[in-house]
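Chemist: The structure under discussion is supplied below as structure tokens; questions concerning it will follow.
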Amino acid sequence: MKILTFFILLSTTAIAHADTSTTNVITILNNIASNVVVPITHITIYFSYIAGMWFIFKALTMLKKFTMQTSMTQHAEYKGPLIYLMVGACLLSLNVTLPVVLNTIFGYSDTFAALGTTLNYGSLGTGAQLFGYNVNGSLSAQWTTFTNSLILLIQFIGFLSFVRGWFLIAKTAEGQSQQASVGKGMTHIIGGVIAINFVNVVNIFKLTAGITV
């Protein structure tokens, strides 16, 4: 929320003062969106794949240990490896998991680019589509740049939240219900999906409220 407030203040400055310093602010914001979001998205996806494999390996190791002491094993002890298997599978197939969740909630799933190595944020809408309005001259380009960058950052934060939600759920496999519960994990996952699909969510609210502008 503090990050979004900061960028909103930047936009106010940009629209109010169309000079060289404003251009620099817009350029900086655009560079952050293009030079930070994409690389970190790549890193997050690859890290998710590695973490998914680790969780699956850990689950299989725990199951093997349980089979060696069947007489002493309680049914509740299988909860841990099953959670690890589920989370591991979701993280290992992130390019399938996220589209499935998006398709389930919003009926739209075209989010990953070819090979599933990056998230196609633009396919879910841009700031220009959501906040576009008629302004003259250079202000139009500046406003478009800012709004696109702002929505991209919201979508990016949503993606990080979505991934973090699975890690929070994984922590419950070790019985860490105090630090991270399934409820917290699901909140991050659902909130992340809403942020990723922010443009369409806002449009849904606008249609529900009868707003046509």
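Convention: chains lettered A, B, ... in structure tokens order; per-chain residue numbering from 1; ligands numbered from 1 as shown.
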Find the residues near Thr44 in chain A: any atom within 10 Å, counting only C-alpha atoms, skip ones fewer than 3 places away on the same chain, and give them as a list in words.
Modeler: Val38, Pro39, Ile40, Thr41, Phe47, Ser48, Tyr49, Ile50, Thr117, Thr118, Phe159, Leu160 and Val163 of chain A
Chemist: Quick one: everything within 7 Å of Ser181 in chain A, counting only C-alpha atoms, minus sequence neighbours fewer than 5 positions away in the same chain. Send it as a PyMOL selection string.
Modeler: chain A and resi 168-169+172
Chemist: Do a neighbour search on Val37 in chain A at 12 Å with only C-alpha atoms, toss out local chain neighbours closer than 5 positions, and write the hits as number ranges by chain.
Modeler: A: 29-32, 42-44, 118-121, 149-160
Chemist: Separation of CA of Leu130 in chain A and CA of Thr144 in chain A, in Å?
Modeler: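 Distance between the two atoms: 10.2 Å.
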